[in-house]
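Encoded as structure tokens, the structure appears first; notes follow it.
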Amino acid sequence: MTSQENRRITDLGTLKALSHPLRMRLYRALFVARTATASQLADQVDEAVSLVSYHLRKLAEHDLIEEALGHSADGRERWWQPSSYGVSIRDEDVRGTPELVAASDALGRTLNDQRSELHRRFLDERLTWSGEWRSASISSEWLPRLTAAELAALGEELDALLEKYDTRARAAEQAGDTEGRENVAVHLYGFPYRS
């Protein structure tokens, strides 16, 4: 990956590009794979290679992914990789512009739908995982009464903790420690609500 930082998205075109459900699935699949071809990703999302190639080019137009140079054995295959460690959208970057708010909301709904589907799939397939993995999986809900500043601080601490584990896992994997490693989804939401 080119950048080890999250890419902060502030423009309408990129928000719209990423809020497309298939593009978001491709972005996530590529992030997990680290590098992949359109053919490999098409198999994962069960879509035609030509359609996947089109959507990968759209993601590349917005600098969300980039060509992974040096991966093709014969120069004919085009390999892709994420161009950053991830993406972030902040309220302060979109508020005040109705088009940006709508696009950010659309992306949030796409993400929520796909995250829920990932969790539903785990629940449906739960018994196919070992007892160790079933015991390790997490499902919890906390309902604290916080100020906005406390919620922001909590989010920063949770992000730092997850980044620590992810960085450690990536380093171990690069060193050849792949035994027992699986893709793991950790979804966190923290938001105010009224009962």
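Letters A, B, ... mark the chains of the structure tokens in the order given; residue numbers begin at 1 per chain; ligand numbers begin at 1, in order shown.
Of the residues in segment 41-149 of chain A, those that DSSP places in strand (DSSP E or B) on the basis of the backbone are A:Ile65, A:Glu66, A:Glu67, A:Trp79, A:Trp80, A:Gln81, A:Pro82, A:Gly86, A:Val87, A:Ser88.
Using only C-alpha atoms, the residues found no farther than 9 Å from segment 42-54 of chain A, other than those of its own chain fewer than 2 positions away, are Leu22, Arg23, Arg25, Leu26, Ala29, Thr37, Ala38, Ser39, Gln40, Leu56, Arg57, Lys58 and Leu59 of chain A.
Shortest separation to Tyr193 of chain A among A:Leu146, A:Glu61, A:Glu179, A:Glu156 occurs at residue A:Leu146, atoms counted being only C-alpha atoms.
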Identify, on the basis of only C-alpha atoms, every residue whose closest approach to Phe31 of chain A does not exceed 9 Å; exclude the query and any residue fewer than 2 positions from it along the same chain; express the result as an MDAnalysis selection string.
-> chainID A and resid 26:29 33:35 81:82 85:86
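Once Asp91 of chain A and its same-chain neighbours fewer than 5 positions away are set aside, A:Thr10, A:Gly96, A:Leu100, A:Val101, A:Ser104 remain within 10 Å of it when counting only C-alpha atoms.
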Which residue of A:Ala68, A:Ala175, A:Leu15, A:Leu158 approaches Val94 of chain A most closely, using only C-alpha atoms = A:Leu15
List the neighbours of segment 105-112 of chain A out to 7 Å using only C-alpha atoms; skip same-chain residues closer than 5 positions along the sequence, and give me the result as a PyMOL selection string.
-> chain A and resi 15+18-19+21
Please produce a file of those selected residues containing all heavy atoms, as an mmCIF file, in the first residue's frame.
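The resulting file, selection_36.cif, is reproduced below:
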```cif
data_model
loop_
_atom_site.group_PDB
_atom_site.id
_atom_site.type_symbol
_atom_site.label_atom_id
_atom_site.label_comp_id
_atom_site.auth_asym_id
_atom_site.auth_seq_id
_atom_site.Cartn_x
_atom_site.Cartn_y
_atom_site.Cartn_z
ATOM 1 N N LEU A 15 -16.943 10.081 -2.594
ATOM 2 C CA LEU A 15 -18.013 9.538 -1.747
ATOM 3 C C LEU A 15 -19.011 8.740 -2.577
ATOM 4 O O LEU A 15 -19.410 7.640 -2.193
ATOM 5 C CB LEU A 15 -18.745 10.668 -1.018
ATOM 6 C CG LEU A 15 -18.052 11.245 0.204
ATOM 7 C CD1 LEU A 15 -18.771 12.501 0.672
ATOM 8 C CD2 LEU A 15 -17.988 10.223 1.318
ATOM 9 N N LEU A 18 -17.475 5.357 -3.831
ATOM 10 C CA LEU A 18 -17.329 4.332 -2.799
ATOM 11 C C LEU A 18 -18.671 3.858 -2.249
ATOM 12 O O LEU A 18 -18.776 2.744 -1.737
ATOM 13 C CB LEU A 18 -16.451 4.862 -1.665
ATOM 14 C CG LEU A 18 -15.816 3.843 -0.739
ATOM 15 C CD1 LEU A 18 -15.035 2.787 -1.509
ATOM 16 C CD2 LEU A 18 -14.901 4.535 0.247
ATOM 17 N N SER A 19 -19.715 4.659 -2.386
ATOM 18 C CA SER A 19 -21.016 4.257 -1.849
ATOM 19 C C SER A 19 -21.731 3.256 -2.747
ATOM 20 O O SER A 19 -22.733 2.674 -2.343
ATOM 21 C CB SER A 19 -21.903 5.477 -1.592
ATOM 22 O OG SER A 19 -22.254 6.103 -2.798
ATOM 23 N N PRO A 21 -22.588 -0.174 -3.915
ATOM 24 C CA PRO A 21 -22.429 -1.430 -3.150
ATOM 25 C C PRO A 21 -21.367 -2.387 -3.702
ATOM 26 O O PRO A 21 -20.590 -2.945 -2.935
ATOM 27 C CB PRO A 21 -23.826 -2.057 -3.208
ATOM 28 C CG PRO A 21 -24.742 -0.895 -3.384
ATOM 29 C CD PRO A 21 -23.989 0.087 -4.247
#
```
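In this model, the gap between atom CA of Leu69 of chain A and atom CA of Gly176 of chain A comes to 22.2 Å.
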Step one, run DSSP on the backbone; step two, keep only residues of segment 8-40 of chain A assigned to helix (DSSP H, G or I); then write them as a PyMOL selection string.
-> chain A and resi 12-19+21-33+38-40
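Atom CA of Arg170 of chain A is positioned 14.7 Å from atom CA of Glu5 of chain A.
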Just the residues within 9 Å of Gly155 of chain A, please, counting only C-alpha atoms, with nothing from its chain fewer than 3 positions along; format it as a compact mmCIF listing (two decimals) with N, CA and C atoms, in the first residue's frame.
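Output below, filename selection_3.txt:
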```txt
# COMPACT_ATOMS: atom_id res chain seq x y z
N GLU A 150 -16.45 12.79 25.51
CA GLU A 150 -16.11 11.45 26.00
C GLU A 150 -16.27 10.41 24.89
N LEU A 151 -17.32 10.54 24.09
CA LEU A 151 -17.51 9.60 22.98
C LEU A 151 -16.38 9.73 21.96
N ALA A 152 -15.96 10.96 21.66
CA ALA A 152 -14.85 11.17 20.73
C ALA A 152 -13.56 10.54 21.29
N LEU A 158 -10.31 3.38 21.05
CA LEU A 158 -10.63 2.11 20.39
C LEU A 158 -9.91 1.98 19.06
N ASP A 159 -9.84 3.08 18.29
CA ASP A 159 -9.10 3.05 17.03
C ASP A 159 -7.62 2.72 17.28
N ALA A 160 -7.02 3.35 18.28
CA ALA A 160 -5.61 3.10 18.59
C ALA A 160 -5.39 1.65 19.00
N LEU A 188 -17.45 -1.30 14.99
CA LEU A 188 -17.77 -0.47 16.15
C LEU A 188 -18.67 0.68 15.72
N TYR A 189 -19.68 0.91 16.50
CA TYR A 189 -20.54 2.07 16.29
C TYR A 189 -20.64 2.77 17.63
N GLY A 190 -20.60 4.04 17.63
CA GLY A 190 -20.85 4.82 18.83
C GLY A 190 -21.64 6.05 18.41
```
Using only C-alpha atoms, determine which residues lie at most 12 Å from Ala169 of chain A, disregarding the query and same-chain residues fewer than 4 positions distant; provide the list as a ChimeraX atom specification.
-> /A:162-165,173-184
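Residue nearest Arg90 of chain A, chosen from A:Ile65, A:Ile9, A:Ala171, A:Ala185 and counting only C-alpha atoms: A:Ile9.
With distances restricted to only C-alpha atoms, A:Ala36 is the closest residue to Glu66 of chain A from A:Glu157, A:Arg145, A:Glu92, A:Ala36.
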